[in-house]
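As provided, input20.txt (compact mmCIF, C-alpha atoms and all ligand atoms) reads as follows.
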```
# COMPACT_ATOMS: atom_id res chain seq x y z
CA MET A 103 295.60 144.40 305.40
CA ASN A 104 297.88 142.43 303.11
CA HIS A 105 299.82 139.17 303.02
CA PHE A 106 303.41 140.43 302.71
CA GLU A 107 304.96 139.73 306.09
CA LEU A 108 308.18 138.68 307.75
CA LYS A 109 308.22 135.05 308.82
CA ASN A 110 311.35 133.95 310.69
CA GLY A 111 313.12 137.06 309.48
CA VAL A 112 312.27 136.53 305.80
CA MET A 113 309.64 138.46 303.87
CA HIS A 114 306.97 136.21 302.44
CA ALA A 115 304.10 136.67 300.04
CA GLU A 116 301.52 134.48 301.78
CA ASN A 117 303.56 131.29 302.37
CA VAL A 118 306.13 131.82 299.65
CA PRO A 119 309.49 133.30 300.67
CA LEU A 120 310.39 136.19 298.36
CA PRO A 121 314.04 135.09 297.98
CA LEU A 122 312.71 131.98 296.27
CA ILE A 123 310.84 134.04 293.70
CA ALA A 124 313.86 136.30 293.21
CA GLN A 125 316.05 133.26 292.62
CA GLU A 126 313.69 131.47 290.26
CA VAL A 127 312.19 134.40 288.33
CA GLY A 128 314.85 137.06 288.75
CA THR A 129 314.48 140.69 289.76
CA PRO A 130 312.90 143.15 289.44
CA VAL A 131 309.56 141.33 289.59
CA TYR A 132 306.05 142.29 290.61
CA VAL A 133 304.54 139.88 293.14
CA TYR A 134 300.80 139.78 293.81
CA SER A 135 298.98 138.03 296.64
CA MET A 136 295.79 136.32 295.57
CA ALA A 137 294.52 136.14 299.18
CA THR A 138 294.87 139.92 299.46
CA LEU A 139 293.08 140.53 296.16
CA VAL A 140 290.23 138.22 297.15
CA ARG A 141 290.00 139.75 300.58
CA HIS A 142 289.84 143.29 299.21
CA ALA A 143 287.25 142.30 296.62
CA ARG A 144 285.08 140.82 299.36
CA VAL A 145 285.56 143.67 301.82
CA PHE A 146 284.53 146.17 299.15
CA ARG A 147 281.48 144.12 298.17
CA GLU A 148 280.53 143.66 301.83
CA ALA A 149 280.83 147.43 302.33
CA LEU A 150 278.10 147.89 299.73
CA SER A 151 275.78 145.30 301.22
CA GLY A 152 273.39 148.06 302.30
CA LEU A 153 272.62 148.75 298.63
CA LYS A 154 270.27 146.86 296.34
CA ASN A 155 272.23 144.88 293.71
CA PRO A 156 275.27 147.11 293.31
CA HIS A 157 277.38 146.46 290.23
CA ILE A 158 281.13 146.43 290.76
CA ALA A 159 283.44 146.94 287.81
CA PHE A 160 287.16 146.69 288.56
CA ALA A 161 289.08 149.60 286.99
CA VAL A 162 291.28 147.52 284.69
CA LYS A 163 293.80 150.33 284.30
CA ALA A 164 294.89 149.76 287.91
CA ASN A 165 296.11 146.25 287.14
CA PRO A 166 295.27 144.71 283.77
CA ASN A 167 297.16 141.46 284.29
CA LEU A 168 294.98 138.62 282.97
CA ALA A 169 295.40 136.46 286.05
CA VAL A 170 294.48 139.37 288.32
CA LEU A 171 291.38 140.02 286.21
CA LYS A 172 290.51 136.32 286.41
CA VAL A 173 290.69 136.40 290.22
CA LEU A 174 288.27 139.33 290.24
CA GLN A 175 286.01 137.77 287.62
CA ARG A 176 285.72 134.75 289.94
CA GLU A 177 284.72 137.15 292.69
CA GLY A 178 281.86 138.33 290.49
CA TYR A 179 283.46 141.59 289.43
CA GLY A 180 282.90 143.21 286.05
CA ALA A 181 285.31 145.61 284.41
CA ASP A 182 285.65 149.35 283.87
CA VAL A 183 287.69 149.70 280.68
CA VAL A 184 289.11 152.77 278.96
CA SER A 185 290.50 151.36 275.74
CA GLY A 186 289.97 148.63 273.19
CA GLY A 187 292.99 146.87 274.66
CA GLU A 188 291.44 146.79 278.14
CA LEU A 189 288.16 145.57 276.65
CA VAL A 190 289.97 142.65 275.01
CA ARG A 191 291.59 141.81 278.35
CA ALA A 192 288.31 141.90 280.27
CA LEU A 193 286.72 139.55 277.73
CA ALA A 194 289.78 137.29 277.81
CA ALA A 195 289.31 137.01 281.58
CA ASP A 196 285.74 135.80 280.89
CA MET A 197 284.09 138.91 282.21
CA ALA A 198 280.55 139.02 280.85
CA PRO A 199 280.12 141.76 278.22
CA ALA A 200 277.08 142.94 280.17
CA ASP A 201 279.37 143.57 283.16
CA ILE A 202 281.73 145.82 281.21
CA VAL A 203 281.56 149.60 281.37
CA PHE A 204 283.50 151.62 278.78
CA SER A 205 284.79 154.94 280.19
CA GLY A 206 287.27 157.37 278.69
CA VAL A 207 287.33 160.82 277.21
CA GLY A 208 288.74 159.85 273.83
CA LYS A 209 287.15 156.60 272.70
CA THR A 210 287.99 156.25 269.01
CA HIS A 211 285.54 155.35 266.28
CA ALA A 212 287.05 151.85 266.18
CA GLU A 213 286.68 151.48 269.97
CA LEU A 214 283.03 152.54 269.87
CA VAL A 215 282.42 149.94 267.14
CA GLN A 216 284.30 147.33 269.19
CA GLY A 217 282.16 148.03 272.28
CA LEU A 218 278.96 147.83 270.27
CA GLU A 219 279.96 144.64 268.55
CA GLN A 220 280.72 143.06 271.91
CA ASP A 221 277.40 144.34 273.23
CA ILE A 222 279.00 145.71 276.41
CA GLY A 223 276.85 146.72 279.37
CA GLN A 224 277.33 150.47 279.29
CA PHE A 225 279.16 153.30 277.59
CA ASN A 226 279.98 156.20 279.88
CA LEU A 227 279.76 159.14 277.50
CA GLU A 228 282.18 161.94 278.26
CA SER A 229 280.86 164.50 275.79
CA GLU A 230 277.87 165.41 273.69
CA GLU A 231 279.99 164.88 270.57
CA GLU A 232 280.84 161.33 271.59
CA GLY A 233 277.13 160.62 272.07
CA TYR A 234 276.28 161.77 268.53
CA GLU A 235 279.06 159.67 267.08
CA LEU A 236 277.98 156.59 269.02
CA SER A 237 274.37 157.16 267.95
CA ALA A 238 275.38 157.23 264.30
CA ILE A 239 277.52 154.10 264.57
CA ALA A 240 274.90 152.18 266.55
CA SER A 241 272.16 153.12 264.07
CA ARG A 242 274.31 151.96 261.18
CA LEU A 243 275.03 148.65 262.94
CA GLY A 244 271.40 148.22 263.96
CA LYS A 245 272.35 148.19 267.65
CA THR A 246 271.32 150.06 270.76
CA ALA A 247 274.04 151.32 273.11
CA ARG A 248 273.19 151.55 276.79
CA CYS A 249 274.67 154.84 277.95
CA ALA A 250 275.33 156.95 281.01
CA LEU A 251 276.39 160.57 280.82
CA ARG A 252 279.53 161.31 282.82
CA VAL A 253 279.21 164.64 284.52
CA ASN A 254 281.94 166.88 285.82
CA PRO A 255 280.64 168.11 289.18
CA ASP A 256 283.35 170.74 289.68
CA VAL A 257 284.43 169.35 293.04
CA ASP A 258 287.99 169.47 294.33
CA ALA A 259 288.94 165.90 295.22
CA ARG A 260 291.91 167.20 297.26
CA THR A 261 294.31 164.72 295.74
CA HIS A 262 297.38 165.09 293.51
CA ASP A 263 296.62 167.46 290.60
CA LYS A 264 297.54 164.84 288.02
CA ILE A 265 294.93 162.39 289.30
CA SER A 266 292.12 164.82 290.01
CA THR A 267 289.32 164.50 287.45
CA GLY A 268 286.25 166.33 288.77
CA LYS A 269 287.24 170.01 288.61
CA ALA A 270 285.73 172.19 285.90
CA GLU A 271 289.13 172.62 284.27
CA ASN A 272 289.69 168.84 283.99
CA LYS A 273 288.94 167.21 280.64
CA PHE A 274 286.45 164.67 282.00
CA GLY A 275 282.67 164.56 281.71
CA VAL A 276 280.24 167.32 280.77
CA PRO A 277 279.76 170.39 282.98
CA ILE A 278 277.06 169.55 285.50
CA ASP A 279 275.14 172.73 284.75
CA ARG A 280 274.74 171.64 281.11
CA ALA A 281 274.17 167.97 281.87
CA ALA A 282 270.35 167.98 281.77
CA GLU A 283 270.29 169.72 278.41
CA ILE A 284 272.89 167.34 276.91
CA TYR A 285 271.16 164.28 278.43
CA ALA A 286 267.87 165.31 276.80
CA ALA A 287 269.52 165.92 273.44
CA LEU A 288 271.21 162.52 273.49
CA ALA A 289 268.12 160.71 274.76
CA ALA A 290 266.33 161.85 271.62
CA MET A 291 268.95 160.27 269.34
CA PRO A 292 268.47 156.87 267.70
CA GLY A 293 270.70 153.92 268.63
CA ILE A 294 271.38 155.04 272.17
CA ASP A 295 269.49 154.30 275.34
CA MET A 296 270.30 157.04 277.85
CA ARG A 297 269.76 155.27 281.13
CA GLY A 298 271.91 157.02 283.69
CA VAL A 299 274.62 159.29 284.94
CA ALA A 300 278.20 158.74 286.05
CA VAL A 301 280.80 160.58 288.09
CA HIS A 302 284.44 160.01 289.06
CA ILE A 303 286.28 162.88 290.69
CA GLY A 304 289.76 161.49 291.13
CA SER A 305 291.96 158.82 292.62
CA GLN A 306 293.72 158.21 295.95
CA LEU A 307 291.09 160.22 297.83
CA SER A 308 291.90 160.55 301.50
CA SER A 309 288.56 162.00 302.58
CA LEU A 310 284.96 161.05 301.85
CA GLU A 311 283.80 164.66 301.89
CA PRO A 312 284.49 165.55 298.23
CA LEU A 313 282.89 162.29 297.15
CA GLU A 314 279.81 163.04 299.21
CA THR A 315 279.58 166.53 297.69
CA ALA A 316 279.86 165.10 294.19
CA PHE A 317 277.26 162.40 294.88
CA GLU A 318 274.84 164.96 296.30
CA LYS A 319 275.18 167.00 293.13
CA LEU A 320 274.53 163.85 291.10
CA GLY A 321 271.41 163.09 293.17
CA LYS A 322 270.08 166.53 292.46
CA LEU A 323 270.77 166.06 288.75
CA ILE A 324 268.87 162.75 288.76
CA ALA A 325 265.88 164.49 290.35
CA ASP A 326 266.07 167.32 287.79
CA LEU A 327 266.28 164.89 284.89
CA ARG A 328 263.27 162.97 286.13
CA SER A 329 261.29 166.12 286.66
CA GLN A 330 261.98 166.89 282.99
CA GLY A 331 260.57 163.52 282.01
CA GLN A 332 263.88 161.72 281.46
CA LYS A 333 264.39 158.09 282.40
CA VAL A 334 267.24 157.50 284.88
CA THR A 335 267.67 153.92 286.06
CA HIS A 336 271.45 153.76 286.62
CA ALA A 337 274.14 155.76 288.39
CA ASP A 338 277.86 155.01 288.26
CA LEU A 339 279.78 156.42 291.21
CA GLY A 340 283.26 155.68 289.84
CA GLY A 341 286.24 154.72 291.98
CA GLY A 342 288.76 156.80 293.85
CA LEU A 343 288.93 155.46 297.38
CA GLY A 344 292.50 155.93 298.60
CA VAL A 345 294.75 153.41 300.33
CA PRO A 346 297.54 153.85 302.87
CA TYR A 347 301.01 153.98 301.27
CA LYS A 348 302.67 154.51 304.66
CA ALA A 349 302.24 151.95 307.39
CA ASP A 350 300.68 154.47 309.80
CA ASP A 351 298.47 156.42 307.36
CA SER A 352 294.77 156.28 308.05
CA PHE A 353 292.16 156.32 305.30
CA PRO A 354 288.38 156.06 305.19
CA SER A 355 287.49 152.37 305.17
CA PRO A 356 285.36 150.74 302.48
CA ALA A 357 282.70 150.29 305.20
CA GLU A 358 282.64 154.04 305.90
CA TYR A 359 282.48 154.70 302.17
CA GLY A 360 279.61 152.21 301.75
CA ALA A 361 277.68 153.75 304.64
CA MET A 362 278.09 157.24 303.16
CA VAL A 363 276.93 156.01 299.74
CA ALA A 364 273.90 154.25 301.25
CA ARG A 365 272.94 157.43 303.11
CA VAL A 366 273.37 159.82 300.18
CA THR A 367 271.71 157.59 297.57
CA ARG A 368 268.84 156.39 299.79
CA ASP A 369 266.09 157.88 297.62
CA TRP A 370 267.69 157.57 294.21
CA ASP A 371 265.94 154.36 293.15
CA VAL A 372 268.63 153.40 290.62
CA VAL A 373 271.07 150.54 290.07
CA LEU A 374 274.37 151.81 291.45
CA SER A 375 277.69 150.84 289.97
CA PHE A 376 281.25 151.31 291.18
CA GLU A 377 284.68 151.33 289.54
CA PRO A 378 287.24 150.62 292.27
CA GLY A 379 290.83 150.08 291.21
CA ARG A 380 293.50 150.98 293.76
CA VAL A 381 291.50 149.90 296.81
CA ILE A 382 291.30 146.38 295.38
CA ALA A 383 294.78 145.94 293.93
CA GLY A 384 297.09 148.50 295.58
CA ASN A 385 298.17 146.63 298.69
CA ALA A 386 297.91 143.27 296.94
CA GLY A 387 301.24 143.75 295.19
CA VAL A 388 304.89 144.58 295.77
CA LEU A 389 307.79 145.25 293.47
CA LEU A 390 310.66 142.98 294.47
CA THR A 391 314.07 144.40 293.65
CA ARG A 392 317.74 143.65 294.33
CA VAL A 393 320.34 146.17 295.44
CA ILE A 394 322.97 146.53 292.73
CA ARG A 395 325.38 148.48 294.91
CA VAL A 396 325.53 151.09 297.62
CA LYS A 397 327.39 154.25 296.71
CA ARG A 398 328.96 156.06 299.66
CA SER A 399 331.11 158.68 297.99
CA SER A 400 330.20 161.66 300.15
CA ASN A 401 329.34 162.37 303.76
CA ALA A 402 325.68 162.68 302.83
CA SER A 403 323.25 159.78 302.83
CA PRO A 404 324.37 156.80 300.73
CA PHE A 405 322.71 156.04 297.41
CA VAL A 406 321.16 152.58 297.48
CA ILE A 407 321.02 151.69 293.79
CA VAL A 408 318.42 149.03 293.07
CA ASP A 409 317.69 147.11 289.88
CA ALA A 410 314.13 148.50 289.62
CA ALA A 411 313.74 151.92 288.06
CA MET A 412 311.24 154.60 287.16
CA ASN A 413 310.31 152.71 284.00
CA ASP A 414 309.14 149.76 286.16
CA LEU A 415 307.39 151.80 288.87
CA ALA A 416 306.64 155.29 287.63
CA ARG A 417 304.61 156.68 290.53
CA PRO A 418 307.44 158.24 292.57
CA ALA A 419 308.90 159.99 289.51
CA MET A 420 305.50 161.00 288.18
CA TYR A 421 303.61 162.08 291.27
CA GLY A 422 306.29 162.27 293.93
CA ALA A 423 304.48 159.26 295.36
CA TRP A 424 305.64 157.47 298.48
CA HIS A 425 306.07 153.68 298.54
CA ASP A 426 307.24 152.04 301.74
CA ILE A 427 310.53 150.19 301.23
CA ASP A 428 311.42 147.16 303.33
CA ALA A 429 314.31 144.73 303.33
CA VAL A 430 313.35 141.16 302.49
CA GLU A 431 315.81 139.81 305.07
CA PRO A 432 316.37 142.72 307.49
CA ARG A 433 319.86 142.87 308.96
CA GLY A 434 318.55 144.52 312.10
CA GLY A 435 319.78 148.09 311.62
CA ARG A 436 318.15 151.17 310.14
CA ASN A 437 319.81 154.04 308.32
CA VAL A 438 318.98 157.08 306.26
CA ALA A 439 319.55 156.61 302.53
CA HIS A 440 318.51 157.67 299.06
CA ILE A 441 316.94 154.84 297.06
CA VAL A 442 317.47 155.22 293.33
CA GLY A 443 317.23 153.21 290.13
CA PRO A 444 319.87 152.87 287.41
CA ILE A 445 318.18 155.15 284.83
CA CYS A 446 320.07 158.16 283.59
CA GLU A 447 317.97 160.90 285.07
CA THR A 448 317.61 162.37 288.50
CA GLY A 449 313.87 161.69 288.45
CA ASP A 450 314.70 158.01 288.77
CA THR A 451 314.60 158.35 292.53
CA PHE A 452 312.28 156.33 294.75
CA ALA A 453 313.09 158.10 298.00
CA MET A 454 315.45 160.75 299.33
CA ASN A 455 316.80 160.77 302.88
CA ARG A 456 314.45 157.96 303.84
CA GLU A 457 314.98 156.00 307.03
CA ILE A 458 315.01 152.38 305.89
CA ASP A 459 316.37 148.98 306.82
CA VAL A 460 320.09 148.82 306.16
CA LEU A 461 320.59 147.42 302.67
CA GLU A 462 323.85 146.20 301.14
CA ALA A 463 324.77 145.12 297.61
CA GLY A 464 322.95 141.91 296.72
CA ASP A 465 320.17 142.36 299.29
CA LEU A 466 316.54 142.11 298.27
CA ALA A 467 313.95 144.76 299.09
CA ILE A 468 310.32 145.45 298.29
CA PHE A 469 308.40 148.52 297.29
CA ARG A 470 305.03 148.09 298.90
CA THR A 471 301.59 149.01 297.58
CA ALA A 472 302.68 148.42 294.00
CA GLY A 473 299.74 146.25 292.96
CA ALA A 474 297.85 149.18 291.43
CA TYR A 475 299.33 151.54 288.83
CA GLY A 476 302.61 149.62 289.01
CA ALA A 477 303.36 147.18 286.18
CA THR A 478 300.57 148.71 284.12
CA MET A 479 302.41 152.04 283.89
CA ALA A 480 305.79 150.53 282.96
CA SER A 481 307.73 151.65 279.90
CA SER A 482 310.88 150.39 278.25
CA TYR A 483 312.81 153.63 278.78
CA ASN A 484 316.59 153.25 278.66
CA SER A 485 315.90 150.06 276.65
CA ARG A 486 315.01 148.18 279.76
CA GLY A 487 312.60 145.30 279.24
CA PHE A 488 309.25 144.80 280.93
CA VAL A 489 309.29 143.28 284.40
CA PRO A 490 307.61 139.88 284.95
CA GLU A 491 304.63 139.43 287.27
CA VAL A 492 304.00 136.60 289.72
CA LEU A 493 300.78 135.60 291.46
CA VAL A 494 301.05 133.83 294.80
CA ASP A 495 298.33 131.60 296.20
CA GLY A 496 299.18 130.11 299.60
CA ASP A 497 302.21 127.85 299.12
CA ARG A 498 302.32 128.12 295.35
CA TYR A 499 303.09 130.76 292.82
CA ALA A 500 302.89 131.20 289.07
CA VAL A 501 304.58 133.57 286.65
CA VAL A 502 301.55 135.41 285.23
CA ALA A 503 303.51 137.70 282.92
CA ASP A 504 306.87 136.76 281.42
CA ARG A 505 309.78 139.12 281.51
CA LEU A 506 309.85 140.89 278.14
CA PRO A 507 313.53 141.44 277.42
CA ALA A 508 314.76 144.55 275.61
CA ALA A 509 315.80 142.36 272.67
CA ASP A 510 312.16 141.23 272.17
CA ILE A 511 311.03 144.84 272.09
CA MET A 512 313.72 145.65 269.58
CA ALA A 513 312.55 142.71 267.48
CA ALA A 514 309.43 144.75 266.61
CA GLU A 515 311.58 147.48 265.07
CA ARG A 516 312.67 147.65 261.43
CA VAL A 517 315.45 149.48 259.63
CA PRO A 518 314.05 150.49 256.22
CA ASP A 519 315.94 149.14 253.22
CA TRP A 520 316.81 152.70 252.13
CA LEU A 521 319.02 153.12 255.17
N1 LIG B 601 286.97 155.12 287.07
C1 LIG B 601 287.52 156.06 286.28
C2 LIG B 601 286.70 156.70 285.26
C3 LIG B 601 288.87 156.40 286.45
O1 LIG B 601 289.41 157.33 285.67
C4 LIG B 601 289.65 155.76 287.44
C5 LIG B 601 291.07 156.09 287.62
C6 LIG B 601 289.03 154.77 288.23
C7 LIG B 601 287.69 154.49 288.02
C8 LIG B 601 289.75 154.02 289.29
O2 LIG B 601 290.18 154.85 290.32
P1 LIG B 601 290.81 154.25 291.67
O3 LIG B 601 289.72 153.50 292.39
O4 LIG B 601 291.91 153.33 291.28
O5 LIG B 601 291.28 155.41 292.40
N2 LIG B 601 298.13 156.48 287.80
C9 LIG B 601 297.60 157.15 288.96
C10 LIG B 601 296.12 156.91 289.14
C11 LIG B 601 295.27 157.30 287.94
C12 LIG B 601 293.81 157.02 288.12
C13 LIG B 601 293.08 157.23 286.87
N3 LIG B 601 291.69 156.94 286.91
C14 LIG B 601 298.40 156.74 290.18
O6 LIG B 601 299.34 155.96 290.05
O7 LIG B 601 298.14 157.21 291.27
```
Take the structure in this file and express it as structure tokens.
Amino acid sequence: MNHFELKNGVMHAENVPLPLIAQEVGTPVYVYSMATLVRHARVFREALSGLKNPHIAFAVKANPNLAVLKVLQREGYGADVVSGGELVRALAADMAPADIVFSGVGKTHAELVQGLEQDIGQFNLESEEEGYELSAIASRLGKTARCALRVNPDVDARTHDKISTGKAENKFGVPIDRAAEIYAALAAMPGIDMRGVAVHIGSQLSSLEPLETAFEKLGKLIADLRSQGQKVTHADLGGGLGVPYKADDSFPSPAEYGAMVARVTRDWDVVLSFEPGRVIAGNAGVLLTRVIRVKRSSNASPFVIVDAAMNDLARPAMYGAWHDIDAVEPRGGRNVAHIVGPICETGDTFAMNREIDVLEAGDLAIFRTAGAYGATMASSYNSRGFVPEVLVDGDRYAVVADRLPAADIMAAERVPDWL
């Protein structure tokens, strides 16, 4: 469910016609719907209503825009951060330090210090070595770090290889068969309070089965730890719930996910936390683009060249990902076309031989489901600037990230005086 719909033949974000945003802000531009974000945040929370006091931390990496974080903070969400930069953003959006979880396989010394100084809610440790380092830093600072041990359950999430995180060969977490031993070793260290376990097996999951398998393994680990005299009061079940990228795709609903979690964790007696990203933000955003020209130089499908490119929306080039493409003011016909950006490599292709609305030079179009892992993954490749972001709320909209022109990026560069 989202709020990007045709009204009188013109695509709107809630009540704002997209041509208005294109005219006033320019293209390409990311457009987010606040009503969709709020709705998703509430649907996900409601899905967990069978649990006692679940903690929900939005995975900031999915969409770190400050205004987006503020909407979720107002919905009572905390933050799952994976860098010092994301931590700064979560705090800037007034998320309570206690509601911030710090994940990530390579937290630097400086980031561990930063998390401790901010007194964040929980560090999800991804290795024994990280635990020892955190213990030493916390002891030196006279602090105690609340920690969970992220385990790698060796479960195939059955998603794209590049976004699968819970197989033994993936870099994340500690092997589940060594987890009890590592937990005990870390629990004995000063400066850290080992209070729980965490798991996250991958993103864009289309089935609940791998999640259930992983959670069952985690439940068994909790029981083992307790039988060895360890304290376990918290369990972090990560994110990963997939969303439909094609209009007719069907995915497990948050309610089905919540029911499965309630069933599997019934006897755990812990505070559960969650790190949803895509399921909250994915369908709450589109990338609005304008057709530069249509190239019809062969008998094959035409190339519809748009002003957005792989540097603005990397998912198709990176994962072969599908994003539905719709005209903003459909002309009525459909045709088969290739949709490409202007960047000088073949990978800058959004779709090949896709049946889409007929698009001509100057027309506007949207890439749907671009609210998660869209703007956040942008680069300035080909010396293209960063695309602006707009948040719509009913009849009004605001530019929530300015366009960063290529010249401003170049302004950070220096030619040394010996050149
Ligand atoms: N927690 C942890 C520890 C994670 O690594 C991730 C995502 C999440 C939570 C949120 O997962 P979600 O609910 O959004 O599935 N760039 C890729 C996705 C990478 C996901 C990385 N980790 C893409 O565009 O598909």
Taking (290.4, 160.2, 290.9) in the coordinates of the supplied file, I want to know which residues reach to within 6 Å of it, counting all atoms listed in the file; could you give the answer as a list in words? Ile265, Ser266, Thr267, Ile303, Gly304, Ser305 and Gly342 of chain A
Writer output for current selection, C-alpha atoms, as a short mmCIF file (atom, residue, chain, number, x, y, z; two decimals), in the coordinates of the input:
```cif
data_model
loop_
_atom_site.label_atom_id
_atom_site.label_comp_id
_atom_site.auth_asym_id
_atom_site.auth_seq_id
_atom_site.Cartn_x
_atom_site.Cartn_y
_atom_site.Cartn_z
CA ILE A 265 294.93 162.39 289.30
CA SER A 266 292.12 164.82 290.01
CA THR A 267 289.32 164.50 287.45
CA ILE A 303 286.28 162.88 290.69
CA GLY A 304 289.76 161.49 291.13
CA SER A 305 291.96 158.82 292.62
CA GLY A 342 288.76 156.80 293.85
#
```
Taking all atoms of region 232-250 of chain A that appear in the file, build a box with edges along x, y and z, extend it by 3 Å on every side, and state its centre and edge lengths in Å to one decimal, as AutoDock Vina command-line options.
```
--center_x 276.1 --center_y 155.0 --center_z 271.1 --size_x 15.5 --size_y 19.6 --size_z 25.8
```
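Distance-wise, CA of Glu228 (chain A) and CA of Arg147 (chain A) end up 26.7 Å apart.
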Sorted by chain and rising residue number, which residues of chain A lie within 8 Å of ligand LIG 601 (chain B), and what are their closest atom pairs and distances in Å to one decimal, counting all atoms listed in the file, as a tab-separated table?
```
residue	atom	partner	partner_atom	distance
A:Phe160	CA	B:LIG601	C8	7.8
A:Ala161	CA	B:LIG601	C8	5.0
A:Lys163	CA	B:LIG601	C5	7.2
A:Ala164	CA	B:LIG601	O4	5.7
A:Asp182	CA	B:LIG601	N1	6.7
A:Val184	CA	B:LIG601	C2	7.8
A:Ser205	CA	B:LIG601	C2	5.7
A:Gly206	CA	B:LIG601	C2	6.6
A:Lys264	CA	B:LIG601	C9	7.7
A:Ile265	CA	B:LIG601	C11	5.3
A:Thr267	CA	B:LIG601	O1	7.4
A:Val301	CA	B:LIG601	C2	7.6
A:His302	CA	B:LIG601	C2	5.5
A:Gly304	CA	B:LIG601	O5	6.4
A:Ser305	CA	B:LIG601	O5	3.5
A:Gln306	CA	B:LIG601	O5	5.1
A:Leu307	CA	B:LIG601	O5	7.3
A:Gly340	CA	B:LIG601	N1	4.7
A:Gly341	CA	B:LIG601	O3	3.7
A:Gly342	CA	B:LIG601	O5	3.2
A:Leu343	CA	B:LIG601	O3	5.4
A:Gly344	CA	B:LIG601	O5	6.3
A:Phe376	CA	B:LIG601	C7	7.8
A:Glu377	CA	B:LIG601	C7	4.6
A:Pro378	CA	B:LIG601	O3	3.8
A:Gly379	CA	B:LIG601	O4	3.4
A:Arg380	CA	B:LIG601	O4	3.8
A:Val381	CA	B:LIG601	O3	6.0
A:Ile382	CA	B:LIG601	O3	7.9
A:Ala416	CA	B:LIG601	O6	7.7
A:Arg417	CA	B:LIG601	O6	5.3
A:Tyr421	CA	B:LIG601	O7	7.3
A:Ala423	CA	B:LIG601	O7	7.8
A:Ala474	CA	B:LIG601	O6	7.1
A:Tyr475	CA	B:LIG601	O6	4.6
A:Gly476	CA	B:LIG601	O6	7.2
A:Met479	CA	B:LIG601	N2	7.3
```
Write out as a CSV table (one decimal) with C-alpha atoms, in the frame of the given file each polymer residue whose atoms come within 10 Å of Pro130 (chain A), counting all atoms listed in the file; drop sequence neighbours fewer than 5 positions from it.
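out_0.csv was written with the following content:
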```csv
chain,number,residue,atom,x,y,z
A,124,ALA,CA,313.9,136.3,293.2
A,389,LEU,CA,307.8,145.2,293.5
A,390,LEU,CA,310.7,143.0,294.5
A,391,THR,CA,314.1,144.4,293.6
A,392,ARG,CA,317.7,143.6,294.3
A,408,VAL,CA,318.4,149.0,293.1
A,409,ASP,CA,317.7,147.1,289.9
A,410,ALA,CA,314.1,148.5,289.6
A,411,ALA,CA,313.7,151.9,288.1
A,414,ASP,CA,309.1,149.8,286.2
A,466,LEU,CA,316.5,142.1,298.3
A,467,ALA,CA,314.0,144.8,299.1
A,468,ILE,CA,310.3,145.4,298.3
A,488,PHE,CA,309.2,144.8,280.9
A,489,VAL,CA,309.3,143.3,284.4
A,490,PRO,CA,307.6,139.9,285.0
A,491,GLU,CA,304.6,139.4,287.3
A,505,ARG,CA,309.8,139.1,281.5
```
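Counting from CA of Ser308 (chain A), the distance to CA of Pro354 (chain A) is 6.8 Å.
Distance annotation: of A:His211, A:Arg516, A:Lys172, A:His262, the residue with the minimal separation from Ala240 (chain A) is A:His211; atom set is all atoms listed in the file.
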Of A:Glu457, A:Glu235, A:Glu431, A:Glu314, the one nearest to Ala247 (chain A) when counting all atoms listed in the file is A:Glu235
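Across the structure, CA of Gly464 (chain A) and CA of Ile441 (chain A) are spaced 14.3 Å apart.
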Counting only C-alpha atoms, closest pick from A:Ala192, A:Val140, A:Ala500, A:Val257 relative to Leu171 (chain A) is A:Ala192
Query raised in the report: What lies within 9 Å of Leu374 (chain A) using all atoms listed in the file, ignoring chain neighbours under 5 positions off, as JSON, numbers by chain?
Result: {"A": [153, 154, 155, 156, 157, 158, 335, 336, 337, 338, 339, 367]}
**Q.** Nearby residues, (275.3, 162.5, 304.8) file frame, 12 Å, all atoms listed in the file, as a ChimeraX atom specification
**A.** /A:310-318,358-368
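Nearest-residue note for Leu327 (chain A): choosing from A:Met512, A:Ala286, A:Ala349, A:Ala357, the minimum distance belongs to A:Ala286, counting all atoms listed in the file.
Neighbours of Asp201 (chain A) closer than or equal to 7 Å, with only C-alpha atoms counted and sequence neighbours fewer than 2 positions away skipped, come out as Gly180, Ala181, Met197, Ala198, Pro199, Val203 and Gly223 of chain A.
Remark: for Pro255 (chain A), the closest of the candidate residues A:Glu213, A:Ser237, A:Gln220, A:Lys322 is A:Lys322 (distances computed over only C-alpha atoms).
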